[in-house]
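This is final_11.cif. It holds mmCIF, C-alpha atoms.
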data_query
loop_
_atom_site.group_PDB
_atom_site.id
_atom_site.type_symbol
_atom_site.label_atom_id
_atom_site.label_comp_id
_atom_site.auth_asym_id
_atom_site.auth_seq_id
_atom_site.Cartn_x
_atom_site.Cartn_y
_atom_site.Cartn_z
ATOM 1 C CA MET A 1 0.000 0.000 0.000
ATOM 2 C CA ARG A 2 2.760 2.455 0.938
ATOM 3 C CA THR A 3 4.534 1.628 -2.346
ATOM 4 C CA LEU A 4 1.431 2.698 -4.265
ATOM 5 C CA LEU A 5 1.228 5.946 -2.281
ATOM 6 C CA THR A 6 4.893 6.678 -2.927
ATOM 7 C CA ALA A 7 4.314 6.124 -6.643
ATOM 8 C CA ALA A 8 1.374 8.556 -6.477
ATOM 9 C CA VAL A 9 3.595 11.190 -4.852
ATOM 10 C CA LEU A 10 6.178 10.797 -7.620
ATOM 11 C CA LEU A 11 3.442 11.106 -10.241
ATOM 12 C CA CYS A 12 2.167 14.259 -8.549
ATOM 13 C CA ALA A 13 5.689 15.715 -8.626
ATOM 14 C CA LEU A 14 6.033 14.952 -12.334
ATOM 15 C CA ILE A 15 2.639 16.414 -13.283
ATOM 16 C CA ALA A 16 2.395 19.402 -10.929
ATOM 17 C CA GLY A 17 6.100 20.075 -10.421
ATOM 18 C CA VAL A 18 5.718 19.817 -6.638
ATOM 19 C CA ASN A 19 5.746 17.092 -4.010
ATOM 20 C CA CYS A 20 2.207 16.305 -2.856
ATOM 21 C CA LEU A 21 1.735 15.421 0.796
ATOM 22 C CA LEU A 22 0.344 12.149 2.075
ATOM 23 C CA CYS A 23 -1.953 12.770 5.067
ATOM 24 C CA GLU A 24 -4.152 10.499 7.128
ATOM 25 C CA LYS A 25 -7.888 11.241 6.753
ATOM 26 C CA CYS A 26 -10.562 10.288 9.261
ATOM 27 C CA PHE A 27 -13.570 11.693 11.122
ATOM 28 C CA SER A 28 -15.213 10.397 14.290
ATOM 29 C CA VAL A 29 -17.995 11.698 16.571
ATOM 30 C CA GLY A 30 -18.082 10.908 20.282
ATOM 31 C CA THR A 31 -14.409 10.037 20.707
ATOM 32 C CA ALA A 32 -11.051 11.800 21.079
ATOM 33 C CA THR A 33 -9.332 9.732 18.391
ATOM 34 C CA CYS A 34 -9.834 8.397 14.889
ATOM 35 C CA SER A 35 -7.882 6.417 12.318
ATOM 36 C CA GLY A 36 -8.299 6.172 8.578
ATOM 37 C CA ILE A 37 -6.415 5.868 5.323
ATOM 38 C CA TYR A 38 -3.529 7.924 3.999
ATOM 39 C CA SER A 39 -4.492 9.948 0.942
ATOM 40 C CA LEU A 40 -2.632 12.082 -1.534
ATOM 41 C CA CYS A 41 -3.412 15.770 -0.969
ATOM 42 C CA PRO A 42 -3.925 18.320 -3.775
ATOM 43 C CA ALA A 43 -0.790 20.079 -5.013
ATOM 44 C CA ASP A 44 -1.515 23.350 -3.148
ATOM 45 C CA ILE A 45 -1.689 21.651 0.281
ATOM 46 C CA THR A 46 1.337 22.416 2.469
ATOM 47 C CA HIS A 47 0.416 20.675 5.729
ATOM 48 C CA CYS A 48 -1.462 17.806 7.325
ATOM 49 C CA VAL A 49 -3.797 18.527 10.228
ATOM 50 C CA GLN A 50 -5.297 16.688 13.187
ATOM 51 C CA GLY A 51 -7.584 18.053 15.847
ATOM 52 C CA LEU A 52 -10.559 17.963 18.169
ATOM 53 C CA GLU A 53 -13.802 19.959 18.228
ATOM 54 C CA ASN A 54 -15.803 20.095 21.441
ATOM 55 C CA HIS A 55 -19.401 21.402 21.138
ATOM 56 C CA THR A 56 -21.596 22.061 24.165
ATOM 57 C CA ILE A 57 -25.261 23.050 24.430
ATOM 58 C CA GLY A 58 -26.538 23.045 27.999
ATOM 59 C CA SER A 59 -25.679 19.634 29.438
ATOM 60 C CA ASN A 60 -25.137 18.024 26.010
ATOM 61 C CA ASN A 61 -21.533 17.678 24.896
ATOM 62 C CA THR A 62 -20.264 16.332 21.571
ATOM 63 C CA LEU A 63 -16.602 15.619 20.831
ATOM 64 C CA THR A 64 -15.414 15.308 17.228
ATOM 65 C CA ALA A 65 -11.981 14.022 16.172
ATOM 66 C CA PHE A 66 -10.533 14.528 12.701
ATOM 67 C CA LYS A 67 -7.417 14.200 10.548
ATOM 68 C CA ASP A 68 -7.106 15.621 7.046
ATOM 69 C CA CYS A 69 -5.142 17.563 4.478
ATOM 70 C CA GLY A 70 -4.907 21.119 5.791
ATOM 71 C CA THR A 71 -6.167 23.830 3.449
ATOM 72 C CA PRO A 72 -4.000 26.961 3.075
ATOM 73 C CA SER A 73 -6.699 29.128 4.716
ATOM 74 C CA SER A 74 -6.829 26.878 7.801
ATOM 75 C CA ARG A 75 -3.189 27.477 8.767
ATOM 76 C CA ILE A 76 -4.255 30.410 10.979
ATOM 77 C CA ALA A 77 -5.581 27.828 13.451
ATOM 78 C CA CYS A 78 -2.469 25.602 13.515
ATOM 79 C CA GLY A 79 -1.118 25.067 17.019
ATOM 80 C CA LYS A 80 -3.925 27.098 18.580
ATOM 81 C CA THR A 81 -7.053 26.480 20.604
ATOM 82 C CA LEU A 82 -9.991 28.472 19.266
ATOM 83 C CA SER A 83 -12.850 29.134 21.655
ATOM 84 C CA PHE A 84 -16.348 30.633 21.514
ATOM 85 C CA ARG A 85 -18.329 30.502 24.741
ATOM 86 C CA THR A 86 -21.551 31.623 26.410
ATOM 87 C CA SER A 87 -22.995 30.391 29.709
ATOM 88 C CA MET A 88 -25.187 27.911 27.778
ATOM 89 C CA THR A 89 -23.039 26.849 24.845
ATOM 90 C CA GLY A 90 -19.484 26.598 23.656
ATOM 91 C CA VAL A 91 -17.299 25.572 20.754
ATOM 92 C CA ARG A 92 -13.653 24.739 21.432
ATOM 93 C CA ILE A 93 -11.360 23.676 18.601
ATOM 94 C CA SER A 94 -7.737 22.577 18.815
ATOM 95 C CA ARG A 95 -5.585 21.825 15.770
ATOM 96 C CA THR A 96 -2.008 20.749 15.293
ATOM 97 C CA CYS A 97 -0.328 20.814 11.897
ATOM 98 C CA CYS A 98 2.758 19.214 10.352
ATOM 99 C CA ASP A 99 4.361 19.295 6.928
ATOM 100 C CA SER A 100 5.734 15.864 6.047
ATOM 101 C CA ASP A 101 4.249 12.632 4.685
ATOM 102 C CA TYR A 102 2.332 10.490 7.220
ATOM 103 C CA CYS A 103 2.978 13.073 9.960
ATOM 104 C CA ASN A 104 -0.598 13.356 11.299
ATOM 105 C CA GLY A 105 -0.920 9.671 12.199
ATOM 106 C CA GLY A 106 -1.135 8.358 15.737
ATOM 107 C CA ALA A 107 -2.821 9.881 18.773
ATOM 108 C CA ILE A 108 -4.388 13.316 18.356
ATOM 109 C CA GLN A 109 -2.544 15.948 20.373
ATOM 110 C CA ALA A 110 -4.619 18.631 22.103
ATOM 111 C CA PRO A 111 -3.135 21.709 23.827
ATOM 112 C CA ALA A 112 -3.942 22.267 27.505
ATOM 113 C CA VAL A 113 -7.029 24.434 28.090
ATOM 114 C CA ASP A 114 -6.724 27.594 30.213
ATOM 115 C CA GLU A 115 -10.052 28.202 31.988
ATOM 116 C CA LEU A 116 -8.876 30.931 34.375
ATOM 117 C CA PRO A 117 -10.600 34.370 34.118
ATOM 118 C CA ASN A 118 -8.387 36.782 32.184
ATOM 119 C CA GLY A 119 -9.767 40.195 33.203
ATOM 120 C CA TYR A 120 -12.140 40.634 30.232
ATOM 121 C CA LYS A 121 -15.899 40.272 29.811
ATOM 122 C CA CYS A 122 -18.574 40.282 27.081
ATOM 123 C CA ARG A 123 -22.343 40.624 26.786
ATOM 124 C CA GLU A 124 -23.765 37.135 26.433
ATOM 125 C CA CYS A 125 -26.868 35.266 25.356
ATOM 126 C CA PHE A 126 -27.882 32.165 23.424
ATOM 127 C CA ASN A 127 -31.095 31.512 21.454
ATOM 128 C CA TYR A 128 -31.193 28.078 19.843
ATOM 129 C CA HIS A 129 -34.528 28.476 18.045
ATOM 130 C CA SER A 130 -34.237 32.006 16.696
ATOM 131 C CA ALA A 131 -31.797 33.983 14.573
ATOM 132 C CA GLY A 132 -33.064 37.258 16.036
ATOM 133 C CA ALA A 133 -30.695 39.612 17.817
ATOM 134 C CA CYS A 134 -29.949 38.983 21.481
ATOM 135 C CA THR A 135 -31.603 41.413 23.881
ATOM 136 C CA THR A 136 -30.178 40.256 27.218
ATOM 137 C CA GLU A 137 -27.985 42.484 29.357
ATOM 138 C CA LYS A 138 -26.194 39.531 30.985
ATOM 139 C CA GLU A 139 -22.406 39.385 30.948
ATOM 140 C CA ILE A 140 -19.910 36.539 30.920
ATOM 141 C CA LEU A 141 -16.316 36.577 32.161
ATOM 142 C CA CYS A 142 -13.794 35.571 29.507
ATOM 143 C CA THR A 143 -11.087 32.994 30.201
ATOM 144 C CA GLY A 144 -7.680 32.015 28.811
ATOM 145 C CA GLN A 145 -7.051 33.644 25.423
ATOM 146 C CA GLU A 146 -10.652 34.861 24.951
ATOM 147 C CA LYS A 147 -10.105 38.584 24.402
ATOM 148 C CA ALA A 148 -12.815 39.283 21.822
ATOM 149 C CA CYS A 149 -16.604 39.518 21.965
ATOM 150 C CA SER A 150 -18.656 38.054 19.151
ATOM 151 C CA PHE A 151 -22.181 37.873 17.824
ATOM 152 C CA LEU A 152 -23.242 34.936 15.650
ATOM 153 C CA SER A 153 -26.628 34.313 14.082
ATOM 154 C CA GLY A 154 -28.016 32.091 11.358
ATOM 155 C CA LYS A 155 -28.410 28.339 11.003
ATOM 156 C CA ALA A 156 -26.224 25.604 12.456
ATOM 157 C CA ALA A 157 -26.111 21.813 12.490
ATOM 158 C CA PHE A 158 -24.354 20.172 15.417
ATOM 159 C CA PRO A 159 -23.030 16.635 14.786
ATOM 160 C CA GLY A 160 -25.944 14.207 14.642
ATOM 161 C CA GLU A 161 -28.596 16.940 14.832
ATOM 162 C CA ALA A 162 -30.890 18.688 12.357
ATOM 163 C CA VAL A 163 -30.267 22.258 11.182
ATOM 164 C CA LYS A 164 -31.687 24.879 13.576
ATOM 165 C CA GLU A 165 -31.766 28.657 13.765
ATOM 166 C CA TYR A 166 -29.697 30.282 16.481
ATOM 167 C CA SER A 167 -28.171 33.522 17.741
ATOM 168 C CA ALA A 168 -25.438 33.885 20.332
ATOM 169 C CA SER A 169 -23.175 36.481 21.922
ATOM 170 C CA GLY A 170 -20.188 35.652 24.075
ATOM 171 C CA CYS A 171 -16.424 35.496 24.565
ATOM 172 C CA MET A 172 -14.167 34.400 21.729
ATOM 173 C CA THR A 173 -10.467 33.990 21.053
ATOM 174 C CA ARG A 174 -9.198 36.641 18.654
ATOM 175 C CA ASN A 175 -7.824 34.053 16.237
ATOM 176 C CA PHE A 176 -11.396 32.760 15.804
ATOM 177 C CA CYS A 177 -12.182 36.170 14.272
ATOM 178 C CA GLY A 178 -9.581 35.642 11.524
ATOM 179 C CA LYS A 179 -10.366 34.656 7.981
ATOM 180 C CA GLY A 180 -10.261 30.909 7.514
ATOM 181 C CA ALA A 181 -10.874 30.033 11.150
ATOM 182 C CA PHE A 182 -14.374 28.757 10.406
ATOM 183 C CA ASN A 183 -13.203 25.696 8.473
ATOM 184 C CA LEU A 184 -14.998 23.500 10.991
ATOM 185 C CA GLN A 185 -15.153 19.717 10.794
ATOM 186 C CA GLY A 186 -18.067 18.796 13.071
ATOM 187 C CA LEU A 187 -20.267 21.852 13.582
ATOM 188 C CA GLN A 188 -21.734 23.189 10.330
ATOM 189 C CA LEU A 189 -22.481 26.927 10.169
ATOM 190 C CA LEU A 190 -24.958 27.823 7.417
ATOM 191 C CA ASN A 191 -25.964 31.302 6.225
ATOM 192 C CA TYR A 192 -24.453 32.935 9.287
ATOM 193 C CA ASP A 193 -23.857 36.567 10.242
ATOM 194 C CA PHE A 194 -20.734 37.184 12.298
ATOM 195 C CA LYS A 195 -19.446 40.239 14.130
ATOM 196 C CA CYS A 196 -16.357 40.485 16.326
ATOM 197 C CA SER A 197 -15.219 43.289 18.653
ATOM 198 C CA PRO A 198 -12.625 43.763 21.426
ATOM 199 C CA ALA A 199 -13.591 42.358 24.831
ATOM 200 C CA ILE A 200 -14.319 44.763 27.672
ATOM 201 C CA LYS A 201 -11.908 45.187 30.591
ATOM 202 C CA VAL A 202 -13.481 44.085 33.864
#
Now, as a test, write the supplied structure out as structure tokens.
Amino acid sequence: MRTLLTAAVLLCALIAGVNCLLCEKCFSVGTATCSGIYSLCPADITHCVQGLENHTIGSNNTLTAFKDCGTPSSRIACGKTLSFRTSMTGVRISRTCCDSDYCNGGAIQAPAVDELPNGYKCRECFNYHSAGACTTEKEILCTGQEKACSFLSGKAAFPGEAVKEYSASGCMTRNFCGKGAFNLQGLQLLNYDFKCSPAIKV
């Protein structure tokens, strides 16, 4: 099998003039690991990726593990933990990247999570059946690297669930505000409106 993949890499080099990466690809819901097959990435791919997505709504928590070819726009999230959080819901994503053949195999590595208050706060709310603007005056204390406030509204599909309308305001890591950060694997954001602003000093 590896001989065939090596031959495919050589063919890619001959046709595209570059060496194409071989990355493991897999996707699993409800577990912190997954394993799959190694696949030849497109010529513009420069890294392999592995990571975890943790989605919470109330008391329901869904963990998603994935490995894949990393798109150029997703590099902003490499080696970082991206977080969006309200008192009722949260999305935490960790990704590690590497740039050699077969490098994203094995156990998925996740950075340690900092949940200590960081001196910032945001207005917060969560409506899971409406895309209307939040009207609450509640606030949430930000933690770790969450130094931005965000407002999201539109339609979303959590792993294993149907598409629903939602709106939410809360704390977010600044790198989640960057272009390309929303290349999510488990949670699907559809027709969403997104605004990001600096968090407020406590």
Evaluated on this file, the PyMOL selection byres ((chain A and resi 112-126) around 10) picks out some residues - which ones are they, written as a PyMOL selection string? chain A and resi 57+81+83+85-89+92+94+109-111+127-131+133-153+166-172+197-202
Could you please take those selected residues and save C-alpha atoms as a short mmCIF file (atom, residue, chain, number, x, y, z; two decimals), in the coordinates of the input?
data_model
loop_
_atom_site.label_atom_id
_atom_site.label_comp_id
_atom_site.auth_asym_id
_atom_site.auth_seq_id
_atom_site.Cartn_x
_atom_site.Cartn_y
_atom_site.Cartn_z
CA ILE A 57 -25.26 23.05 24.43
CA THR A 81 -7.05 26.48 20.60
CA SER A 83 -12.85 29.13 21.66
CA ARG A 85 -18.33 30.50 24.74
CA THR A 86 -21.55 31.62 26.41
CA SER A 87 -23.00 30.39 29.71
CA MET A 88 -25.19 27.91 27.78
CA THR A 89 -23.04 26.85 24.84
CA ARG A 92 -13.65 24.74 21.43
CA SER A 94 -7.74 22.58 18.82
CA GLN A 109 -2.54 15.95 20.37
CA ALA A 110 -4.62 18.63 22.10
CA PRO A 111 -3.14 21.71 23.83
CA ASN A 127 -31.10 31.51 21.45
CA TYR A 128 -31.19 28.08 19.84
CA HIS A 129 -34.53 28.48 18.05
CA SER A 130 -34.24 32.01 16.70
CA ALA A 131 -31.80 33.98 14.57
CA ALA A 133 -30.70 39.61 17.82
CA CYS A 134 -29.95 38.98 21.48
CA THR A 135 -31.60 41.41 23.88
CA THR A 136 -30.18 40.26 27.22
CA GLU A 137 -27.98 42.48 29.36
CA LYS A 138 -26.19 39.53 30.98
CA GLU A 139 -22.41 39.38 30.95
CA ILE A 140 -19.91 36.54 30.92
CA LEU A 141 -16.32 36.58 32.16
CA CYS A 142 -13.79 35.57 29.51
CA THR A 143 -11.09 32.99 30.20
CA GLY A 144 -7.68 32.02 28.81
CA GLN A 145 -7.05 33.64 25.42
CA GLU A 146 -10.65 34.86 24.95
CA LYS A 147 -10.10 38.58 24.40
CA ALA A 148 -12.82 39.28 21.82
CA CYS A 149 -16.60 39.52 21.96
CA SER A 150 -18.66 38.05 19.15
CA PHE A 151 -22.18 37.87 17.82
CA LEU A 152 -23.24 34.94 15.65
CA SER A 153 -26.63 34.31 14.08
CA TYR A 166 -29.70 30.28 16.48
CA SER A 167 -28.17 33.52 17.74
CA ALA A 168 -25.44 33.88 20.33
CA SER A 169 -23.18 36.48 21.92
CA GLY A 170 -20.19 35.65 24.08
CA CYS A 171 -16.42 35.50 24.56
CA MET A 172 -14.17 34.40 21.73
CA SER A 197 -15.22 43.29 18.65
CA PRO A 198 -12.62 43.76 21.43
CA ALA A 199 -13.59 42.36 24.83
CA ILE A 200 -14.32 44.76 27.67
CA LYS A 201 -11.91 45.19 30.59
CA VAL A 202 -13.48 44.08 33.86
#
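Separating atom CA of A:Ile93 from atom CA of A:Ala43 is a distance of 26.1 Å.
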Would you translate the PyMOL selection byres ((chain A and resi 24) around 8) into the concrete set of residues it matches in this file, as a list in words?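 Going through the file, the PyMOL selection byres ((chain A and resi 24) around 8) ends up selecting Leu22, Cys23, Lys25, Cys26, Ser35, Gly36, Ile37, Tyr38, Ser39, Cys48, Lys67, Asp68, Cys69, Tyr102, Asn104 and Gly105 of chain A.
With all atoms listed in the file as the atoms that count, the minimum distance from A:Thr56 to the choices A:Leu189, A:Val91, A:Ala162, A:Leu184 is reached by A:Val91.
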Expressed in Å to a single decimal, how great is the separation between atom CA of A:Leu82 and atom CA of A:Gly70?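 Atom CA of A:Gly70 lies 16.2 Å from atom CA of A:Leu82.
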Between atom CA of A:Gln185 and atom CA of A:Ser59, measure the distance and give it in Å to one decimal.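 Pair atom CA of A:Gln185 / atom CA of A:Ser59 returns 21.4 Å.
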6 Å contact set for A:His55, all atoms listed in the file, chain neighbours under 4 positions out, as a list in words: Asn61, Thr62, Gly90 and Val91 of chain A
Restricting the calculation to only C-alpha atoms, which member of A:Thr64, A:Asn54, A:Ser100, A:Asn19 is positioned closest to A:Cys34?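 Of all the options, A:Thr64 lies closest to A:Cys34.
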Could you tell me, as an NGL selection string, exactly which residues end up selected when the PyMOL selection byres ((chain A and resi 50) around 6) is applied to this structure? :A and (49 or 51 or 66-67 or 95-96)
